[in-house]
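Source file: query_6.tsv. Holds: TSV, C-alpha atoms (C1' of nucleotides).
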chain	number	residue	atom	x	y	z
A	4	MET	CA	-33.97	128.71	-254.28
A	5	ILE	CA	-33.28	131.94	-256.10
A	6	ASN	CA	-31.13	134.27	-253.98
A	7	SER	CA	-32.61	137.15	-252.02
A	8	ARG	CA	-30.86	139.80	-254.12
A	9	VAL	CA	-33.97	140.04	-256.28
A	10	ALA	CA	-36.13	140.70	-253.22
A	11	VAL	CA	-33.66	143.20	-251.79
A	12	ALA	CA	-33.31	144.99	-255.12
A	13	ILE	CA	-37.06	145.40	-255.42
A	14	HIS	CA	-37.15	146.69	-251.85
A	15	ILE	CA	-34.43	149.20	-252.66
A	16	LEU	CA	-36.14	150.43	-255.81
A	17	ALA	CA	-39.47	150.75	-254.03
A	18	LEU	CA	-37.78	152.82	-251.33
A	19	ILE	CA	-36.13	155.11	-253.86
A	20	ALA	CA	-39.36	155.48	-255.81
A	21	SER	CA	-41.31	156.23	-252.65
A	22	LYS	CA	-38.95	159.03	-251.65
A	23	PRO	CA	-37.99	160.61	-254.96
A	24	HIS	CA	-37.03	163.89	-253.32
A	25	ASP	CA	-34.82	162.45	-250.61
A	26	ASP	CA	-31.23	161.39	-251.03
A	27	LEU	CA	-31.15	158.05	-249.24
A	28	PRO	CA	-27.73	156.94	-248.02
A	29	SER	CA	-26.95	153.23	-248.19
A	30	ASP	CA	-27.04	153.15	-244.39
A	31	TYR	CA	-30.64	154.26	-244.41
A	32	ILE	CA	-31.64	151.70	-247.01
A	33	ALA	CA	-29.71	149.03	-245.12
A	34	SER	CA	-31.68	149.73	-241.97
A	35	SER	CA	-34.94	149.32	-243.84
A	36	VAL	CA	-33.79	146.07	-245.46
A	37	ASN	CA	-32.07	144.97	-242.25
A	38	THR	CA	-28.66	144.21	-243.64
A	39	ASN	CA	-25.22	145.71	-244.06
A	40	PRO	CA	-24.78	148.95	-246.08
A	41	VAL	CA	-22.18	147.25	-248.26
A	42	VAL	CA	-24.72	144.66	-249.32
A	43	ILE	CA	-26.94	147.54	-250.41
A	44	ARG	CA	-24.14	149.32	-252.26
A	45	ARG	CA	-23.28	146.11	-254.08
A	46	ILE	CA	-26.84	145.69	-255.28
A	47	LEU	CA	-27.07	149.37	-256.16
A	48	GLY	CA	-23.98	148.79	-258.29
A	49	MET	CA	-25.69	145.97	-260.18
A	50	LEU	CA	-28.78	148.07	-260.73
A	51	ARG	CA	-26.60	150.91	-261.98
A	52	LYS	CA	-24.72	148.63	-264.37
A	53	ALA	CA	-28.07	147.44	-265.69
A	54	GLY	CA	-29.04	151.05	-266.34
A	55	LEU	CA	-31.94	151.08	-263.90
A	56	ILE	CA	-30.62	153.74	-261.57
A	57	GLN	CA	-28.08	156.51	-261.39
A	58	THR	CA	-25.79	157.23	-258.48
A	59	GLN	CA	-23.00	159.65	-257.66
A	60	VAL	CA	-19.71	158.77	-256.03
A	61	GLY	CA	-19.38	160.49	-252.67
A	62	LYS	CA	-22.96	161.68	-252.58
A	63	ALA	CA	-25.95	159.93	-251.11
A	64	GLY	CA	-29.03	159.29	-253.17
A	65	ALA	CA	-29.81	157.07	-256.14
A	66	SER	CA	-32.42	158.03	-258.70
A	67	LEU	CA	-34.38	155.86	-261.06
A	68	SER	CA	-33.28	156.10	-264.69
A	69	ARG	CA	-36.87	155.80	-265.82
A	70	SER	CA	-40.38	155.78	-264.50
A	71	PRO	CA	-41.26	153.14	-261.86
A	72	SER	CA	-43.85	151.76	-264.25
A	73	ASP	CA	-41.11	151.18	-266.82
A	74	ILE	CA	-38.93	149.10	-264.52
A	75	THR	CA	-40.21	145.55	-264.61
A	76	LEU	CA	-39.41	142.83	-262.13
A	77	LEU	CA	-37.74	141.02	-265.01
A	78	ASN	CA	-35.43	144.01	-265.46
A	79	VAL	CA	-34.57	143.75	-261.78
A	80	TYR	CA	-34.16	139.99	-261.91
A	81	ARG	CA	-31.78	140.20	-264.83
A	82	ALA	CA	-29.83	142.99	-263.16
A	83	VAL	CA	-28.97	140.97	-260.07
A	84	GLU	CA	-28.97	137.41	-261.39
A	85	PRO	CA	-25.97	136.61	-263.60
A	86	ASP	CA	-27.21	133.19	-264.75
A	87	GLU	CA	-29.11	133.11	-268.00
A	88	GLU	CA	-30.37	129.61	-267.36
A	89	LEU	CA	-32.73	128.98	-264.47
A	90	PHE	CA	-32.26	125.20	-264.39
A	91	ALA	CA	-28.87	123.58	-264.05
A	92	VAL	CA	-28.21	120.62	-266.31
A	93	HIS	CA	-25.65	117.94	-265.52
A	94	GLU	CA	-22.53	118.18	-267.66
A	95	ASN	CA	-21.16	115.57	-270.02
A	96	PRO	CA	-23.79	112.86	-269.95
A	97	ASN	CA	-22.57	109.71	-271.69
A	98	PRO	CA	-22.55	110.30	-275.47
A	99	HIS	CA	-22.52	106.53	-276.06
A	100	CYS	CA	-25.88	106.11	-274.33
A	101	PRO	CA	-28.96	106.76	-276.46
A	102	VAL	CA	-30.52	108.73	-273.61
A	103	GLY	CA	-27.34	110.46	-272.45
A	104	LYS	CA	-26.55	111.50	-276.00
A	105	ARG	CA	-29.65	113.65	-276.37
A	106	ILE	CA	-30.88	114.36	-272.87
A	107	ASN	CA	-29.37	117.82	-272.61
A	108	ALA	CA	-30.98	119.07	-275.78
A	109	VAL	CA	-34.32	117.69	-274.64
A	110	LEU	CA	-33.95	119.13	-271.14
A	111	ASP	CA	-33.00	122.51	-272.50
A	112	GLU	CA	-36.16	122.58	-274.52
A	113	ALA	CA	-38.30	121.33	-271.63
A	114	PHE	CA	-36.90	123.88	-269.20
A	115	HIS	CA	-36.98	126.73	-271.66
A	116	GLY	CA	-40.76	126.95	-271.73
A	117	ALA	CA	-40.98	126.97	-267.94
A	118	GLN	CA	-38.33	129.64	-267.62
A	119	SER	CA	-40.04	131.76	-270.26
A	120	ALA	CA	-43.35	131.54	-268.43
A	121	LEU	CA	-41.66	132.69	-265.24
A	122	GLU	CA	-39.96	135.57	-266.98
A	123	LYS	CA	-43.14	136.62	-268.70
A	124	LYS	CA	-44.86	136.93	-265.33
A	125	LEU	CA	-41.95	138.95	-263.98
A	126	ALA	CA	-42.04	141.16	-267.06
A	127	GLY	CA	-45.71	141.82	-266.42
A	128	GLN	CA	-45.04	143.45	-263.07
A	129	ASN	CA	-43.21	146.66	-262.35
A	130	ILE	CA	-42.01	148.85	-259.50
A	131	GLN	CA	-45.07	151.07	-259.73
A	132	GLY	CA	-47.23	148.01	-259.15
A	133	ILE	CA	-45.14	147.12	-256.12
A	134	MET	CA	-45.65	150.67	-254.80
A	135	ASP	CA	-49.38	150.47	-255.38
A	136	HIS	CA	-49.56	147.34	-253.26
A	137	LEU	CA	-47.26	148.74	-250.61
A	138	PHE	CA	-49.33	151.85	-250.10
A	139	SER	CA	-52.85	150.67	-250.69
A	140	GLU	CA	-54.86	150.48	-247.49
A	141	GLY	CA	-55.69	147.04	-246.16
B	4	MET	CA	-29.80	128.59	-260.42
B	5	ILE	CA	-31.93	125.57	-259.61
B	6	ASN	CA	-29.79	122.53	-258.82
B	7	SER	CA	-29.13	119.80	-261.36
B	8	ARG	CA	-31.03	117.17	-259.37
B	9	VAL	CA	-34.13	117.94	-261.43
B	10	ALA	CA	-32.23	117.34	-264.66
B	11	VAL	CA	-30.61	114.17	-263.34
B	12	ALA	CA	-33.93	112.86	-262.02
B	13	ILE	CA	-35.58	113.34	-265.40
B	14	HIS	CA	-32.62	111.62	-267.04
B	15	ILE	CA	-32.99	108.68	-264.63
B	16	LEU	CA	-36.72	108.36	-265.18
B	17	ALA	CA	-36.30	108.52	-268.94
B	18	LEU	CA	-33.71	105.75	-268.75
B	19	ILE	CA	-35.97	103.55	-266.64
B	20	ALA	CA	-38.93	104.22	-268.89
B	21	SER	CA	-36.88	103.46	-271.99
B	22	LYS	CA	-35.77	100.07	-270.66
B	23	PRO	CA	-38.82	98.83	-268.77
B	24	HIS	CA	-37.71	95.20	-269.03
B	25	ASP	CA	-34.17	95.71	-267.81
B	26	ASP	CA	-33.08	96.02	-264.20
B	27	LEU	CA	-30.69	98.92	-264.31
B	28	PRO	CA	-28.15	99.07	-261.46
B	29	SER	CA	-27.23	102.49	-260.11
B	30	ASP	CA	-23.77	102.02	-261.64
B	31	TYR	CA	-25.26	101.77	-265.08
B	32	ILE	CA	-27.43	104.83	-264.61
B	33	ALA	CA	-24.46	106.69	-263.17
B	34	SER	CA	-22.40	105.99	-266.26
B	35	SER	CA	-25.14	107.40	-268.45
B	36	VAL	CA	-25.52	110.52	-266.30
B	37	ASN	CA	-21.75	110.71	-265.76
B	38	THR	CA	-21.68	110.90	-262.02
B	39	ASN	CA	-21.21	108.74	-258.94
B	40	PRO	CA	-23.61	105.83	-258.27
B	41	VAL	CA	-24.36	107.18	-254.80
B	42	VAL	CA	-25.63	110.40	-256.34
B	43	ILE	CA	-28.01	108.28	-258.39
B	44	ARG	CA	-29.14	106.21	-255.42
B	45	ARG	CA	-29.82	109.37	-253.43
B	46	ILE	CA	-32.03	110.77	-256.15
B	47	LEU	CA	-33.72	107.39	-256.61
B	48	GLY	CA	-34.46	107.59	-252.90
B	49	MET	CA	-36.15	110.97	-253.30
B	50	LEU	CA	-38.18	109.72	-256.23
B	51	ARG	CA	-39.21	106.69	-254.19
B	52	LYS	CA	-40.26	108.81	-251.21
B	53	ALA	CA	-42.31	110.90	-253.60
B	54	GLY	CA	-44.03	107.75	-254.79
B	55	LEU	CA	-42.82	108.00	-258.36
B	56	ILE	CA	-40.81	104.77	-258.46
B	57	GLN	CA	-40.39	101.51	-256.64
B	58	THR	CA	-37.09	99.89	-255.78
B	59	GLN	CA	-35.92	96.79	-253.93
B	60	VAL	CA	-33.10	96.64	-251.41
B	61	GLY	CA	-30.30	94.42	-252.65
B	62	LYS	CA	-31.70	94.08	-256.14
B	63	ALA	CA	-31.00	96.24	-259.15
B	64	GLY	CA	-33.80	97.86	-261.07
B	65	ALA	CA	-36.31	100.57	-260.31
B	66	SER	CA	-39.76	100.62	-261.86
B	67	LEU	CA	-42.11	103.51	-262.41
B	68	SER	CA	-45.09	103.57	-260.07
B	69	ARG	CA	-47.29	104.82	-262.86
B	70	SER	CA	-47.28	105.42	-266.58
B	71	PRO	CA	-44.60	107.78	-267.97
B	72	SER	CA	-47.37	110.04	-269.22
B	73	ASP	CA	-48.64	110.39	-265.65
B	74	ILE	CA	-45.34	111.54	-264.22
B	75	THR	CA	-45.08	115.27	-264.80
B	76	LEU	CA	-41.94	117.35	-264.60
B	77	LEU	CA	-43.61	119.15	-261.69
B	78	ASN	CA	-43.87	115.81	-259.87
B	79	VAL	CA	-40.16	115.33	-260.45
B	80	TYR	CA	-39.31	118.89	-259.45
B	81	ARG	CA	-41.20	118.59	-256.19
B	82	ALA	CA	-39.64	115.22	-255.49
B	83	VAL	CA	-36.08	116.52	-255.56
B	84	GLU	CA	-36.51	120.14	-254.50
B	85	PRO	CA	-37.32	120.58	-250.81
B	86	ASP	CA	-38.02	124.34	-250.98
B	87	GLU	CA	-41.62	125.32	-251.48
B	88	GLU	CA	-40.70	128.88	-252.32
B	89	LEU	CA	-38.75	129.58	-255.48
B	90	PHE	CA	-37.66	133.09	-254.52
B	91	ALA	CA	-35.83	133.85	-251.32
B	92	VAL	CA	-36.98	136.91	-249.41
B	93	HIS	CA	-34.78	138.82	-246.97
B	94	GLU	CA	-35.74	138.23	-243.35
B	95	ASN	CA	-36.85	140.80	-240.80
B	96	PRO	CA	-37.06	143.98	-242.87
B	97	ASN	CA	-37.53	147.01	-240.62
B	98	PRO	CA	-41.09	147.04	-239.25
B	99	HIS	CA	-40.77	150.74	-238.47
B	100	CYS	CA	-40.25	151.62	-242.11
B	101	PRO	CA	-43.41	151.99	-244.21
B	102	VAL	CA	-41.78	150.01	-247.00
B	103	GLY	CA	-40.03	147.45	-244.80
B	104	LYS	CA	-43.21	146.84	-242.89
B	105	ARG	CA	-45.11	145.50	-245.88
B	106	ILE	CA	-42.51	144.55	-248.44
B	107	ASN	CA	-42.52	140.84	-247.67
B	108	ALA	CA	-46.24	140.45	-248.13
B	109	VAL	CA	-46.04	142.36	-251.41
B	110	LEU	CA	-43.03	140.36	-252.61
B	111	ASP	CA	-44.69	137.08	-251.72
B	112	GLU	CA	-47.64	138.02	-253.84
B	113	ALA	CA	-45.47	139.26	-256.71
B	114	PHE	CA	-43.35	136.13	-256.75
B	115	HIS	CA	-46.24	133.77	-256.31
B	116	GLY	CA	-47.66	134.39	-259.77
B	117	ALA	CA	-44.29	133.85	-261.39
B	118	GLN	CA	-43.68	130.65	-259.50
B	119	SER	CA	-47.15	129.38	-260.38
B	120	ALA	CA	-46.56	130.04	-264.06
B	121	LEU	CA	-43.33	128.08	-263.91
B	122	GLU	CA	-44.96	125.18	-262.13
B	123	LYS	CA	-47.87	125.14	-264.54
B	124	LYS	CA	-45.45	124.73	-267.42
B	125	LEU	CA	-43.66	121.92	-265.61
B	126	ALA	CA	-46.99	120.27	-264.85
B	127	GLY	CA	-47.81	120.37	-268.55
B	128	GLN	CA	-44.87	118.15	-269.47
B	129	ASN	CA	-44.30	114.52	-268.56
B	130	ILE	CA	-41.76	111.73	-268.89
B	131	GLN	CA	-43.51	110.32	-271.94
B	132	GLY	CA	-43.05	113.66	-273.66
B	133	ILE	CA	-39.36	113.61	-272.77
B	134	MET	CA	-39.11	110.11	-274.28
B	135	ASP	CA	-40.88	111.20	-277.43
B	136	HIS	CA	-38.34	113.96	-277.91
B	137	LEU	CA	-35.42	111.70	-277.05
B	138	PHE	CA	-36.34	109.10	-279.60
B	139	SER	CA	-37.82	111.11	-282.42
B	140	GLU	CA	-35.58	111.29	-285.43
B	141	GLY	CA	-33.90	114.61	-286.13
C	29	DC	C1'	-10.99	171.35	-243.72
C	30	DC	C1'	-14.12	167.96	-242.05
C	31	DA	C1'	-18.03	165.14	-241.76
C	32	DC	C1'	-20.26	162.22	-244.70
C	33	DC	C1'	-20.73	159.39	-248.53
C	34	DT	C1'	-19.75	155.88	-252.45
C	35	DG	C1'	-17.33	152.03	-254.80
C	36	DT	C1'	-14.87	148.19	-254.17
C	37	DA	C1'	-11.46	144.84	-252.47
C	38	DA	C1'	-10.71	141.43	-249.15
C	39	DC	C1'	-11.88	138.32	-245.71
C	40	DT	C1'	-15.06	135.31	-243.12
C	41	DA	C1'	-18.93	132.38	-242.08
C	42	DT	C1'	-22.67	129.72	-243.56
C	43	DT	C1'	-25.11	126.94	-246.63
C	44	DT	C1'	-25.80	124.16	-250.60
C	45	DT	C1'	-24.46	120.96	-253.86
C	46	DA	C1'	-22.04	117.16	-255.57
C	47	DA	C1'	-18.57	113.63	-255.26
C	48	DT	C1'	-16.66	110.07	-252.72
C	49	DT	C1'	-15.61	106.36	-249.32
C	50	DA	C1'	-17.38	103.03	-246.45
C	51	DC	C1'	-20.34	99.62	-244.89
C	52	DA	C1'	-24.47	96.97	-243.12
C	53	DG	C1'	-27.35	94.03	-244.93
C	54	DG	C1'	-30.68	92.11	-248.87
C	55	DT	C1'	-30.70	89.09	-253.33
C	56	DT	C1'	-29.55	85.52	-256.40
C	57	DA	C1'	-27.36	81.87	-258.69
C	58	DA	C1'	-23.86	78.41	-258.94
D	3	DT	C1'	-23.97	78.22	-248.57
D	4	DT	C1'	-21.07	81.00	-250.33
D	5	DA	C1'	-19.65	84.57	-253.50
D	6	DA	C1'	-20.82	88.21	-256.50
D	7	DC	C1'	-23.66	91.85	-256.83
D	8	DC	C1'	-26.77	95.17	-255.28
D	9	DT	C1'	-29.27	98.92	-252.32
D	10	DG	C1'	-29.76	102.45	-248.64
D	11	DT	C1'	-27.50	105.54	-246.06
D	12	DA	C1'	-24.07	107.76	-243.01
D	13	DA	C1'	-20.00	110.39	-243.02
D	14	DT	C1'	-16.53	113.09	-245.11
D	15	DT	C1'	-14.62	116.21	-248.46
D	16	DA	C1'	-14.47	119.85	-251.80
D	17	DA	C1'	-16.19	123.51	-254.32
D	18	DA	C1'	-19.26	127.21	-255.10
D	19	DA	C1'	-22.66	130.63	-253.85
D	20	DT	C1'	-24.41	133.82	-250.65
D	21	DA	C1'	-24.34	137.22	-247.31
D	22	DG	C1'	-22.10	139.85	-243.69
D	23	DT	C1'	-18.25	142.58	-242.32
D	24	DT	C1'	-14.02	145.48	-242.13
D	25	DA	C1'	-11.22	148.55	-244.41
D	26	DC	C1'	-10.06	152.19	-247.23
D	27	DA	C1'	-9.26	155.27	-251.34
D	28	DG	C1'	-11.21	159.00	-252.86
D	29	DG	C1'	-15.46	162.16	-254.19
D	30	DT	C1'	-18.86	165.92	-252.21
D	31	DG	C1'	-20.25	169.88	-250.06
D	32	DG	C1'	-21.08	172.90	-246.13
Turn the structure described in the file into structure tokens.
Amino acid sequence: MINSRVAVAIHILALIASKPHDDLPSDYIASSVNTNPVVIRRILGMLRKAGLIQTQVGKAGASLSRSPSDITLLNVYRAVEPDEELFAVHENPNPHCPVGKRINAVLDEAFHGAQSALEKKLAGQNIQGIMDHLFSEG
Amino acid sequence: MINSRVAVAIHILALIASKPHDDLPSDYIASSVNTNPVVIRRILGMLRKAGLIQTQVGKAGASLSRSPSDITLLNVYRAVEPDEELFAVHENPNPHCPVGKRINAVLDEAFHGAQSALEKKLAGQNIQGIMDHLFSEG
DNA sequence: CCACCTGTAACTATTTTAATTACAGGTTAA
DNA sequence: TTAACCTGTAATTAAAATAGTTACAGGTGG
């Protein structure tokens, strides 16, 4: 299962986008997410390093670096997920076995298409879309 | 990252399919995968419970329950991956926060499409296709 | 100056994964 | 019928990932 950092990061960005004129301290965000403020600050740090938000040392409040509709879920996913590859592959299969010799290349190709499909779907959604769903009646 | 059981399971099934007339002991498979025989037997057990293969206690050799072209990578994935949900979601976000209150429902929906796209791609590939790639020249 | 905040290191607990040892008991052939 | 070989599975270990927590140096601003 993919870690919950992606979910938390989307939650954080939706919060920031929904209160663009408030300076939300990490404690406030943490109480909405229901976790520890340090967990929030860590994820804020990853989002900052990915260029999605801006923060100021010593001062509450993060702001989005670009419009909510220009921050895709793939951007968020990549910001908080260090692995490039979604599927792990076993290391050093037996090079003297006809299957072992080539399995990794074949698996890489097989998994690549699936991963791309996933990422394409994530790229097709953005924080504005999340906001629209959050605040639509129903 | 998704665990390597999926990769190993595909490797195992490709081996079995490529030697349909041999009874491969778990030691042999393990030496191709480069791991411990018990790891192989555990995964064989999951594949058996999923109905993809048949084995016999005390006797080497697993056989596919159906044609390699009828065993999809999604079948394999589901056999060795207990989690239904691909993306973890943080538990108990604050119900008193307008964002926290609805974020999980919105995230579930957002992630669902991505997961479905991934699974569709896995469902579109099968063990025969893996074999074709393994044994094509190039 | 003081209350408040961030960034980050460090530590802990929990969970997952994989490797490994061990063994009960089935299978087969000499 | 025995010996070699095998499976299924429990139990243990080790390593890695994840998340929660404490602590604190140092920035910010009234």
Between atom CA of A:Glu88 and atom CA of B:Phe138 - distance in Å to one decimal: 24.6 Å
For the point (-27.5, 150.7, -250.7) in file coordinates, what residues are within 9 Å, counting all atoms listed in the file? Give the answer as a PyMOL selection string? chain A and resi 15+27-33+39-48+65
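Distance annotation: of B:Gly54, B:Gly61, B:Pro23, B:Pro71, the residue with the minimal separation from C:DT56 is B:Gly61; atom set is all atoms listed in the file.
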Taking all atoms listed in the file into account, which residues of chain A are within 7 Å of chain C, as a ChimeraX atom specification? /A:60-63
Produce the centre coordinates and the three edge lengths, each in Å to one decimal, of the box along x, y and z that contains all listed atoms of stretch 125-131 of chain A with 6 Å added on each side, as JSON.
{"center_x": -43.8, "center_y": 145.0, "center_z": -263.3, "size_x": 15.8, "size_y": 24.1, "size_z": 19.6}
Best match for closeness to chain D among B:Leu18, B:Met49, B:Leu55, B:Ala10, counting only C-alpha atoms (C1' of nucleotides): B:Met49
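Nearest to B:Leu137 of all the residues B:Met4, B:Val9, B:Ala17, B:Ile56 is B:Ala17, counting all atoms listed in the file.
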For B:Ser21: contacts at 12 Å, all atoms listed in the file, fewer than 2 positions along chain excluded, given as number ranges by chain: A: 100-103; B: 13-19, 23-27, 66-67, 70-71, 130-131, 133-135, 137-138
